[in-house]
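> First, the structure itself, so that you have it in front of you.
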Amino acid sequence: MKALFTNIQARGRATNDIATRRRNVDDSAIKNAELVTACNAKHATNEDAVKFEIDEMTIDQIVAANRERNELMLNAQHYDPITGEGSCGPRVKRSVDIDDSLKGDYWIPEPMAAELDAAPCTTRTQWELLRIRHDFEFWCAAFIMILDKVSGRLVNLVLNGPQRRVLRVLEEQRLAGKPLRLIMLKARQWGGSTLVQLYMAWIQLVLKSNWNSLICGHLHQTSAAIKAMYERALRNYPEHLTPNGKRPKLAPFEGSRCVRQLSGSESLVISGSARSQDSVRGYDIKMAHLTEVAFWPSTTLHSPDEVIRSIGGTIPLEPLTMLVLESTANGVGNYFHDEWLRSKAGESDKEAVFVPWYEIEIYRMPVASVEQLVSEMDDYEKWLWQDCNCTLEMINWYHHKRREYPNQSMMAAEFPTTDIEAFTSTATCMFTTPMIDRMRYATTNPAVRGDIVARGMKSLDGINFVRSDNGPLELWRWPEQKTVRNRYIVAVDVGGTTPGADWSVIAVIDRHAGQESLDNVRPEVVAQWRGHIHHDHLAWKAAQIARYYNNALLVIESNSIESQGDVGQLIFKQIMAAYKNVYMRKSGNGNLKPGFQTNRESKISAIYNLIAYVRDGSYIERDNKAVDEMACYELKPGGKGFGARKGKHDDILMTRAIALMIIEEMRIQSGHSRAKNPEYFVVHPTLFHLD
């Protein structure tokens with residue numbers, strides 16, 4: 001046992017816990033996104049250049065700084081899970097002298113120290129039984145065997161740096177008496193699933209009885225692999241730690257292939273998959289480990305959010321209940337991505353944990369020539385040095401590994417530096433991740449919510465804004481009285497009339513953003529109405545908002561209204577009789593018709609124009625939901641058009657596409673076009689009916 005402890009202690013000292021020296025990479029994610037854009041964009045100018053400290057350093061200075069970083073990683077925190085030194089949670093130092101094999105100083109959890117003061121341990125077994133109830137890291141290092149991925153041998157589990165960072169979150173919740181709730185975004189090969197499953201096993205084996213757990217993956221094979229790891233740990237579990245003195249095992253339960261009972265306990269371990277949810281129903285579940293959630297399928301009968309909501313509904317809000325969602329990323333716009341964003345924003349019950357690639361100890365490579373590596377480093381790798389405090393050994397590994405991938409996006413998907421990179425969109429997304437990240441930086445909550453009211457639903461008299469916390473109209477900026485004609489553009493995307501249908505959206509964009517000249521001015525979203533409403537009422541609501549914003553140019557997407565035949569024509573006639581500043585398009589026969597018609601040609605023009613605006617940061621987006629829609633807007637299979645991913649919406653996005661298309665046409669006519677790359681849009685010929 002002493003030899004084992006010595007081996008564990010040596011391995012513990014070598015464990016790199018670089019979280020303590022991390023700068024706040026989340027805060028620099030936007031800078032990273034802009035950097036990637038600058039590195040990859042062929043049209044980047046000298047103004048896009050980023051300055052790095054490493055460019056001003058000599059090789060000797062770089063070598064010295066790198067040596068300091070490596071020493072900091074090795075010495076910042078001495079970790080020994082057997083003595084407890086460097087382990088997580090509040091601890092106190094105690095001198096122990098029970099027998100020859102248990103002497104010395106130990107750093108034990110404070111709750112354990114309190115129990116030890118009340119009833120001192122006189123034997124090694126008493127000490128171990130007491131300590132495993134309070135010290136998960138000791139329990140793992142002393143008594144849990146796992147299969148080492150490198151050597152293929154069974155070894156004691158000494159938690160690595162990323163595993164300990166996740167453990168700290170769980171332990172903080174446990175010690176506070178809170179339910180354990182976590183969403184974990186994984187990179188490759190650091191044992192996140194192992195940590196979660198063994199923490200659940202610890203609760204079942206040591207802390208609770210009759211405490212059922214669920215393992216659910218996107219496939220049965222995924223759940224089975226995690227359960228096999230649990231069974232392997234049980235086969236090597238010491239008998240003296242169990243109440244009945246027998247080694248525990250997972251035994252068949254009532255003939256079910258998906259349910260096992262932990263022998264010597266009333267606890268069940270249930271395994272299932274997102275593809276066959278019925279296999280996990282009907283059990284009193286206290287803990288659930290939901291793995292690779294980003295890959296869970298969405299069918300006509302079940303969606304991931306419905307399955308997880310059903311599972312979560314069975315788990316009570318009690319201490320030691322546990323719900324963990326973990327996955328590698330699988331693009332944006334799916335349930336896992338949505339829940340991750342909610343958790344990061346503090347709107348979910350789960351705490352978000354992400355581990356970047358450089359915290360994983362196996363991703364290091366010795367540097368043969370510092371001078372050569374530095375000379376070959378691109379701006380992204382210099383950013384890793386400067387903002388992420390990566391060592392040269394980390395950057396050298398990244399430098400060589402990246403050669404295996406045709407582009408940065410594919411590398412980032414497999415080995416993300418930030419959570420934003422991890423959610424790099426698929427190749428079919430019309431908007432790249434750096435574009436989306438940069439747009440999201442300017443989004444913010446509206447200054448006020450409410451609605452526009454008039455003397456009647458179909459009236460432009462007595463228009464006023466009424467505040468309401470749940471109102472459908474969000475205002476980021478109040479209308480400003482300026483002499484510039486058509487400063488505001490009101491774009492309308494027509495949706496359905498019932499809940500569950502597509503949304504109707506009215507967007508107000510300030511094309512001058514408070515400036516008298518159009519030169520170098522970025523249009524800005526200043527207001528937005530979103531809801532379900534009859535189409536005639538929608539048109540009047542849009543006209544009322546346009547009137548409120550200084551008689552704005554009103555651009556209504558005409559397809560849905562025109563499809564109603566005579567009724568649709570009547571809607572336009574009524575609006576135009578009361579409101580004159582309505583966008584008119586030239587039809588095929590040369591006649592003027594009201595509204596923006598979305599056909600194949602105009603949609604392609606509008607979308608590629610929007611892509612150019614987003615790519616160049618040429619307009620200011622305030623609504624985070626608009627950016628979410630961009631993240632889910634994709635090229636359809638076979639190149640047959642584009643649209644929102646299944647189950648998502650593009651109503652807000654289309655108002656931006658329409659409004660910015662009109663703004664671009666107006667700029668071209670006035671000689672103020674922002675276009676530097678004409679291939680990104682095709683001008684759709686229009687005329688304007690102005691006051």
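If you're wondering about the labels, chains in the structure tokens are A, B, ... by order shown, residues count from 1 in each chain, ligands from 1 in order shown.
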Find the nearest atom pair between each residue of range 131-184 of chain A and range 223-240 of chain A for residues within 10 Å, count only C-alpha atoms, give distances in Å to one decimal, sort rows by chain and ascending number, and present the table as a tab-separated table.

residue	atom	partner	partner_atom	distance
A:Cys140	CA	A:Ala233	CA	9.8
A:Ala142	CA	A:Pro238	CA	9.8
A:Phe143	CA	A:Tyr237	CA	6.2
A:Ile144	CA	A:Ala233	CA	5.7
A:Met145	CA	A:Ala233	CA	5.4
A:Ile146	CA	A:Ala233	CA	6.4
A:Leu147	CA	A:Met229	CA	8.3
A:Leu154	CA	A:Arg232	CA	9.4
A:Asn156	CA	A:Ala233	CA	9.8
A:Leu157	CA	A:Ala233	CA	9.9
> Could you give me the residues within range 56-303 of chain A that DSSP places in helix (DSSP H, G or I), as an MDAnalysis selection string?
chainID A and resid 56 59:75 110:118 124:132 136:143 161:175 192:207 220:235 239:241 277:280 293:295
> So which residues touch range 285-300 of chain A within 9 Å, counting only C-alpha atoms, skipping near sequence neighbours fewer than 6 positions away, as a CSV table (one decimal) with C-alpha atoms, in the first residue's frame?

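For reference, around-v8.csv as written:
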chain,number,residue,atom,x,y,z
A,180,LEU,CA,-26.2,18.9,-8.4
A,193,SER,CA,-17.6,11.3,-18.7
A,196,VAL,CA,-19.3,12.3,-13.9
A,197,GLN,CA,-20.1,8.6,-13.8
A,200,MET,CA,-22.5,9.2,-9.3
A,211,TRP,CA,-30.7,6.1,-5.0
A,212,ASN,CA,-31.4,5.2,-8.7
A,213,SER,CA,-29.2,6.5,-11.5
A,214,LEU,CA,-29.7,6.8,-15.3
A,215,ILE,CA,-27.1,6.7,-18.0
A,216,CYS,CA,-28.5,7.9,-21.3
A,217,GLY,CA,-26.6,8.5,-24.5
A,218,HIS,CA,-27.5,9.1,-28.1
A,219,LEU,CA,-26.8,5.4,-28.8
A,222,THR,CA,-22.5,5.0,-25.6
A,223,SER,CA,-24.4,4.2,-22.5
A,268,LEU,CA,-30.6,0.7,-9.6
A,270,ILE,CA,-30.5,2.2,-15.6
A,273,SER,CA,-30.6,5.8,-25.3
A,274,ALA,CA,-32.3,8.9,-26.7
A,275,ARG,CA,-33.6,6.8,-29.6
A,308,ILE,CA,-34.6,15.7,-21.1
A,311,ILE,CA,-36.2,12.9,-17.3
A,312,GLY,CA,-35.5,16.0,-15.3
A,314,THR,CA,-38.6,12.8,-12.3
A,315,ILE,CA,-35.5,14.1,-10.4
A,316,PRO,CA,-36.5,15.9,-7.2
A,318,GLU,CA,-33.0,17.6,-3.2
A,320,LEU,CA,-27.4,14.8,-3.8
A,321,THR,CA,-29.8,14.5,-6.7
A,322,MET,CA,-27.9,15.0,-9.9
A,323,LEU,CA,-28.5,16.0,-13.5
A,324,VAL,CA,-25.5,16.3,-15.8
A,325,LEU,CA,-25.7,17.1,-19.5
A,326,GLU,CA,-22.4,16.6,-21.3
A,327,SER,CA,-21.3,16.5,-24.9
A,328,THR,CA,-18.8,17.4,-27.5
A,329,ALA,CA,-20.1,20.2,-29.7
A,330,ASN,CA,-22.1,19.4,-32.8
A,331,GLY,CA,-22.7,22.8,-34.4
A,334,ASN,CA,-29.5,22.4,-31.4
A,335,TYR,CA,-30.8,21.8,-27.9
A,336,PHE,CA,-27.4,21.4,-26.3
A,337,HIS,CA,-26.1,24.7,-27.8
> So that I can see what lies close to range 342-348 of chain A, please list as a compact mmCIF listing (two decimals) with C-alpha atoms, in the first residue's frame the residues with an atom at most 12 Å from it, counting only C-alpha atoms and leaving out residues fewer than 6 positions away in the same chain.

# COMPACT_ATOMS: atom_id res chain seq x y z
CA ASP A 26 -14.18 33.87 -22.20
CA ARG A 181 -26.81 20.43 -11.84
CA LEU A 182 -24.15 20.72 -14.54
CA ILE A 183 -23.76 21.14 -18.28
CA MET A 184 -20.33 20.21 -19.56
CA LEU A 185 -18.85 20.99 -22.96
CA LEU A 325 -25.69 17.10 -19.54
CA TYR A 335 -30.81 21.80 -27.93
CA PHE A 336 -27.39 21.37 -26.34
CA PHE A 354 -15.81 24.05 -20.53
CA ASP A 419 -16.50 27.37 -25.99
CA ILE A 420 -17.34 29.62 -28.95
CA ASN A 624 -29.44 38.20 -29.53
> Applying 9 Å and only C-alpha atoms, which residues near range 126-129 of chain A remain after dropping the ones on its own chain fewer than 3 positions away? List them as a short mmCIF file (atom, residue, chain, number, x, y, z; two decimals) with all heavy atoms, in the first residue's frame.

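Final file, part_15.cif:
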data_model
loop_
_atom_site.label_atom_id
_atom_site.label_comp_id
_atom_site.auth_asym_id
_atom_site.auth_seq_id
_atom_site.Cartn_x
_atom_site.Cartn_y
_atom_site.Cartn_z
N ILE A 98 -1.97 6.38 13.44
CA ILE A 98 -2.85 5.26 13.79
C ILE A 98 -2.07 3.95 13.77
O ILE A 98 -2.16 3.14 14.68
CB ILE A 98 -4.05 5.20 12.82
CG1 ILE A 98 -4.96 6.43 13.06
CG2 ILE A 98 -4.84 3.91 13.00
CD1 ILE A 98 -6.17 6.48 12.15
N LEU A 116 -14.21 13.78 13.13
CA LEU A 116 -13.04 13.17 13.76
C LEU A 116 -12.83 13.73 15.16
O LEU A 116 -12.42 12.99 16.09
CB LEU A 116 -11.81 13.43 12.89
CG LEU A 116 -10.58 12.55 13.11
CD1 LEU A 116 -10.91 11.09 12.85
CD2 LEU A 116 -9.44 12.99 12.20
N PRO A 120 -12.73 10.12 17.42
CA PRO A 120 -11.46 9.81 16.76
C PRO A 120 -11.41 8.38 16.24
O PRO A 120 -12.01 7.46 16.82
CB PRO A 120 -10.42 10.01 17.88
CG PRO A 120 -11.10 10.93 18.86
CD PRO A 120 -12.56 10.58 18.81
N CYS A 121 -10.73 8.19 15.11
CA CYS A 121 -10.56 6.86 14.53
C CYS A 121 -9.40 6.15 15.21
O CYS A 121 -8.36 6.75 15.49
CB CYS A 121 -10.28 6.97 13.03
SG CYS A 121 -11.65 7.65 12.07
N THR A 122 -9.57 4.86 15.45
CA THR A 122 -8.54 4.07 16.12
C THR A 122 -7.94 3.02 15.19
O THR A 122 -6.92 2.41 15.53
CB THR A 122 -9.10 3.38 17.36
OG1 THR A 122 -10.21 2.55 16.98
CG2 THR A 122 -9.57 4.42 18.38
N THR A 123 -8.57 2.77 14.05
CA THR A 123 -8.04 1.79 13.10
C THR A 123 -8.00 2.41 11.70
O THR A 123 -8.70 3.39 11.41
CB THR A 123 -8.92 0.52 13.04
OG1 THR A 123 -10.20 0.85 12.47
CG2 THR A 123 -9.10 -0.08 14.43
N ILE A 132 -13.77 8.35 3.08
CA ILE A 132 -14.40 8.22 1.76
C ILE A 132 -15.78 8.86 1.73
O ILE A 132 -16.30 9.18 0.66
CB ILE A 132 -14.49 6.74 1.31
CG1 ILE A 132 -15.39 5.93 2.26
CG2 ILE A 132 -13.11 6.13 1.18
CD1 ILE A 132 -15.64 4.50 1.77
N ARG A 133 -16.39 9.09 2.91
CA ARG A 133 -17.68 9.78 2.94
C ARG A 133 -17.53 11.28 2.69
O ARG A 133 -18.51 11.96 2.40
CB ARG A 133 -18.38 9.54 4.28
CG ARG A 133 -18.95 8.13 4.41
CD ARG A 133 -19.97 8.03 5.52
NE ARG A 133 -19.38 8.15 6.85
CZ ARG A 133 -19.55 9.20 7.65
NH1 ARG A 133 -20.27 10.24 7.24
NH2 ARG A 133 -18.99 9.22 8.85
N TRP A 139 -11.02 8.75 -2.40
CA TRP A 139 -11.74 7.53 -2.76
C TRP A 139 -11.29 7.04 -4.13
O TRP A 139 -11.03 5.86 -4.33
CB TRP A 139 -13.24 7.81 -2.73
CG TRP A 139 -14.15 6.67 -3.08
CD1 TRP A 139 -14.48 5.60 -2.29
CD2 TRP A 139 -14.87 6.49 -4.30
NE1 TRP A 139 -15.36 4.77 -2.93
CE2 TRP A 139 -15.62 5.29 -4.18
CE3 TRP A 139 -14.97 7.22 -5.48
CZ2 TRP A 139 -16.46 4.82 -5.18
CZ3 TRP A 139 -15.80 6.74 -6.49
CH2 TRP A 139 -16.52 5.56 -6.34
N VAL A 206 -21.32 5.00 -1.46
CA VAL A 206 -20.82 5.50 -0.17
C VAL A 206 -21.85 6.34 0.58
O VAL A 206 -21.99 6.21 1.80
CB VAL A 206 -19.53 6.33 -0.39
CG1 VAL A 206 -19.03 6.89 0.94
CG2 VAL A 206 -18.45 5.48 -1.05
N HIS A 240 -13.88 -4.45 2.09
CA HIS A 240 -14.04 -3.92 3.45
C HIS A 240 -14.73 -2.56 3.47
O HIS A 240 -15.09 -2.06 4.54
CB HIS A 240 -12.68 -3.84 4.15
CG HIS A 240 -11.80 -2.73 3.65
ND1 HIS A 240 -11.01 -2.83 2.53
CD2 HIS A 240 -11.58 -1.47 4.14
CE1 HIS A 240 -10.34 -1.70 2.33
NE2 HIS A 240 -10.67 -0.86 3.30
N LEU A 241 -14.96 -1.98 2.29
CA LEU A 241 -15.62 -0.68 2.24
C LEU A 241 -17.14 -0.80 2.11
O LEU A 241 -17.85 0.21 2.16
CB LEU A 241 -15.08 0.15 1.07
CG LEU A 241 -13.59 0.49 1.09
CD1 LEU A 241 -13.22 1.33 -0.12
CD2 LEU A 241 -13.21 1.22 2.38
#
> Excluding Trp397 in chain A and any residue of its chain fewer than 4 positions from it, enumerate the residues within 9 Å of it, using only C-alpha atoms, and give them as a list in words.
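Final neighbour list, sorted by chain and number: Tyr363, Arg364, Met365, Pro366, Val367, Leu392, Glu393, Lys401 and Arg402 of chain A.
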> What does the file look like for those residues with C-alpha atoms, as a CSV table (one decimal), in the first residue's frame?

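Resulting contents of again_8.csv:
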chain,number,residue,atom,x,y,z
A,363,TYR,CA,-1.4,17.9,-25.7
A,364,ARG,CA,2.2,18.9,-25.4
A,365,MET,CA,5.2,18.5,-27.8
A,366,PRO,CA,8.9,19.3,-27.1
A,367,VAL,CA,10.3,22.2,-29.0
A,392,LEU,CA,5.7,26.8,-26.4
A,393,GLU,CA,5.2,23.1,-25.9
A,401,LYS,CA,-1.7,19.0,-35.1
A,402,ARG,CA,-3.4,21.7,-37.2
> From a backbone DSSP assignment, name each residue in range 158-383 of chain A labelled strand (DSSP E), as a ChimeraX atom specification.
/A:180-185,212-217,250-253,256-262,268-273,285-291,322-327,351-354
> Can you pull out the residues contacting Leu175 in chain A? Cut-off 12 Å, using only C-alpha atoms, and skip same-chain residues under 5 positions away; I want them as a VMD selection string.
chain A and resid 88 to 90 109 to 111 134 to 135 167 to 170 180 319 to 320
> Put those residues in a file: all heavy atoms, as an mmCIF file, in the first residue's frame.

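Heads up, here's the output in result_35.cif:
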data_model
loop_
_atom_site.group_PDB
_atom_site.id
_atom_site.type_symbol
_atom_site.label_atom_id
_atom_site.label_comp_id
_atom_site.auth_asym_id
_atom_site.auth_seq_id
_atom_site.Cartn_x
_atom_site.Cartn_y
_atom_site.Cartn_z
ATOM 1 N N CYS A 88 -9.631 19.651 -3.621
ATOM 2 C CA CYS A 88 -10.617 20.727 -3.641
ATOM 3 C C CYS A 88 -11.412 20.777 -2.342
ATOM 4 O O CYS A 88 -11.415 19.829 -1.548
ATOM 5 C CB CYS A 88 -11.557 20.560 -4.837
ATOM 6 S SG CYS A 88 -12.741 19.217 -4.676
ATOM 7 N N GLY A 89 -12.083 21.886 -2.143
ATOM 8 C CA GLY A 89 -12.905 22.073 -0.958
ATOM 9 C C GLY A 89 -12.120 22.583 0.231
ATOM 10 O O GLY A 89 -10.885 22.484 0.276
ATOM 11 N N PRO A 90 -12.803 23.137 1.220
ATOM 12 C CA PRO A 90 -12.124 23.625 2.429
ATOM 13 C C PRO A 90 -11.532 22.465 3.226
ATOM 14 O O PRO A 90 -12.221 21.487 3.514
ATOM 15 C CB PRO A 90 -13.245 24.341 3.195
ATOM 16 C CG PRO A 90 -14.520 23.743 2.684
ATOM 17 C CD PRO A 90 -14.275 23.378 1.259
ATOM 18 N N PRO A 109 -11.048 17.162 4.560
ATOM 19 C CA PRO A 109 -12.180 18.089 4.451
ATOM 20 C C PRO A 109 -12.665 18.544 5.825
ATOM 21 O O PRO A 109 -12.638 17.768 6.800
ATOM 22 C CB PRO A 109 -13.247 17.265 3.724
ATOM 23 C CG PRO A 109 -12.477 16.220 2.971
ATOM 24 C CD PRO A 109 -11.303 15.889 3.842
ATOM 25 N N GLU A 110 -13.092 19.776 5.911
ATOM 26 C CA GLU A 110 -13.550 20.332 7.184
ATOM 27 C C GLU A 110 -14.677 19.514 7.826
ATOM 28 O O GLU A 110 -14.644 19.280 9.050
ATOM 29 C CB GLU A 110 -13.990 21.778 6.990
ATOM 30 C CG GLU A 110 -12.831 22.754 6.798
ATOM 31 C CD GLU A 110 -13.304 24.182 6.687
ATOM 32 O OE1 GLU A 110 -14.527 24.416 6.662
ATOM 33 O OE2 GLU A 110 -12.447 25.098 6.615
ATOM 34 N N PRO A 111 -15.693 19.053 7.072
ATOM 35 C CA PRO A 111 -16.731 18.236 7.722
ATOM 36 C C PRO A 111 -16.181 16.945 8.328
ATOM 37 O O PRO A 111 -16.642 16.500 9.383
ATOM 38 C CB PRO A 111 -17.708 17.940 6.582
ATOM 39 C CG PRO A 111 -17.500 19.053 5.605
ATOM 40 C CD PRO A 111 -16.037 19.352 5.674
ATOM 41 N N HIS A 134 -16.331 11.780 2.786
ATOM 42 C CA HIS A 134 -16.108 13.220 2.642
ATOM 43 C C HIS A 134 -15.143 13.585 1.520
ATOM 44 O O HIS A 134 -15.123 14.746 1.106
ATOM 45 C CB HIS A 134 -15.556 13.794 3.949
ATOM 46 C CG HIS A 134 -16.488 13.671 5.109
ATOM 47 N ND1 HIS A 134 -17.538 14.531 5.319
ATOM 48 C CD2 HIS A 134 -16.522 12.762 6.131
ATOM 49 C CE1 HIS A 134 -18.197 14.177 6.414
ATOM 50 N NE2 HIS A 134 -17.598 13.109 6.931
ATOM 51 N N ASP A 135 -14.368 12.626 1.052
ATOM 52 C CA ASP A 135 -13.245 12.959 0.161
ATOM 53 C C ASP A 135 -13.292 12.092 -1.099
ATOM 54 O O ASP A 135 -12.728 10.999 -1.160
ATOM 55 C CB ASP A 135 -11.926 12.751 0.903
ATOM 56 C CG ASP A 135 -10.763 13.460 0.233
ATOM 57 O OD1 ASP A 135 -10.852 13.739 -0.977
ATOM 58 O OD2 ASP A 135 -9.763 13.742 0.927
ATOM 59 N N LEU A 167 -14.930 18.710 -10.852
ATOM 60 C CA LEU A 167 -15.240 18.251 -9.501
ATOM 61 C C LEU A 167 -15.492 19.421 -8.559
ATOM 62 O O LEU A 167 -16.376 19.358 -7.700
ATOM 63 C CB LEU A 167 -14.098 17.380 -8.969
ATOM 64 C CG LEU A 167 -14.256 16.909 -7.520
ATOM 65 C CD1 LEU A 167 -15.462 15.988 -7.383
ATOM 66 C CD2 LEU A 167 -12.981 16.218 -7.040
ATOM 67 N N ARG A 168 -14.710 20.492 -8.693
ATOM 68 C CA ARG A 168 -14.903 21.651 -7.814
ATOM 69 C C ARG A 168 -16.324 22.194 -7.918
ATOM 70 O O ARG A 168 -16.923 22.596 -6.920
ATOM 71 C CB ARG A 168 -13.890 22.739 -8.158
ATOM 72 C CG ARG A 168 -12.456 22.401 -7.778
ATOM 73 C CD ARG A 168 -11.538 23.603 -7.959
ATOM 74 N NE ARG A 168 -10.135 23.197 -7.825
ATOM 75 C CZ ARG A 168 -9.320 22.976 -8.836
ATOM 76 N NH1 ARG A 168 -9.764 23.141 -10.072
ATOM 77 N NH2 ARG A 168 -8.068 22.620 -8.635
ATOM 78 N N VAL A 169 -16.865 22.209 -9.121
ATOM 79 C CA VAL A 169 -18.233 22.696 -9.307
ATOM 80 C C VAL A 169 -19.223 21.785 -8.584
ATOM 81 O O VAL A 169 -20.109 22.251 -7.858
ATOM 82 C CB VAL A 169 -18.567 22.781 -10.807
ATOM 83 C CG1 VAL A 169 -20.029 23.174 -11.006
ATOM 84 C CG2 VAL A 169 -17.657 23.779 -11.503
ATOM 85 N N LEU A 170 -19.071 20.488 -8.777
ATOM 86 C CA LEU A 170 -19.980 19.540 -8.121
ATOM 87 C C LEU A 170 -19.848 19.600 -6.599
ATOM 88 O O LEU A 170 -20.850 19.557 -5.877
ATOM 89 C CB LEU A 170 -19.687 18.121 -8.615
ATOM 90 C CG LEU A 170 -20.029 17.839 -10.086
ATOM 91 C CD1 LEU A 170 -19.519 16.465 -10.494
ATOM 92 C CD2 LEU A 170 -21.530 17.947 -10.330
ATOM 93 N N LEU A 180 -27.363 18.846 -7.539
ATOM 94 C CA LEU A 180 -26.192 18.897 -8.415
ATOM 95 C C LEU A 180 -26.669 19.025 -9.862
ATOM 96 O O LEU A 180 -27.308 18.111 -10.390
ATOM 97 C CB LEU A 180 -25.357 17.637 -8.238
ATOM 98 C CG LEU A 180 -24.994 17.281 -6.786
ATOM 99 C CD1 LEU A 180 -24.271 15.942 -6.726
ATOM 100 C CD2 LEU A 180 -24.152 18.377 -6.160
ATOM 101 N N PRO A 319 -30.826 17.667 -2.111
ATOM 102 C CA PRO A 319 -29.379 17.457 -2.073
ATOM 103 C C PRO A 319 -29.019 16.064 -2.576
ATOM 104 O O PRO A 319 -29.749 15.092 -2.348
ATOM 105 C CB PRO A 319 -29.027 17.623 -0.590
ATOM 106 C CG PRO A 319 -30.115 18.489 -0.043
ATOM 107 C CD PRO A 319 -31.353 18.096 -0.794
ATOM 108 N N LEU A 320 -27.905 15.992 -3.290
ATOM 109 C CA LEU A 320 -27.361 14.752 -3.847
ATOM 110 C C LEU A 320 -28.162 14.201 -5.018
ATOM 111 O O LEU A 320 -27.813 13.151 -5.558
ATOM 112 C CB LEU A 320 -27.196 13.669 -2.771
ATOM 113 C CG LEU A 320 -26.140 13.961 -1.704
ATOM 114 C CD1 LEU A 320 -26.038 12.808 -0.710
ATOM 115 C CD2 LEU A 320 -24.767 14.223 -2.334
#
> By how many Å are CA of Ala612 in chain A and CA of Ser558 in chain A apart?
24.2 Å
> Just checking: using only C-alpha atoms, which residue out of A:Ala578, A:Ala176, A:Met57, A:Ile658 ends up closest to Ile506 in chain A?
A:Ile658
> Considering only C-alpha atoms, can you say which of A:His78, A:Arg615, A:His400, A:Lys580 comes closest to Pro434 in chain A?
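Closest residue, counting only C-alpha atoms: A:Arg615.
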> Which one is closest to Ser87 in chain A: A:Ala141, A:Met410, A:Ile59, A:Ile362? Count only C-alpha atoms.
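The shortest atom-to-atom distance to Ser87 in chain A comes from A:Ala141.
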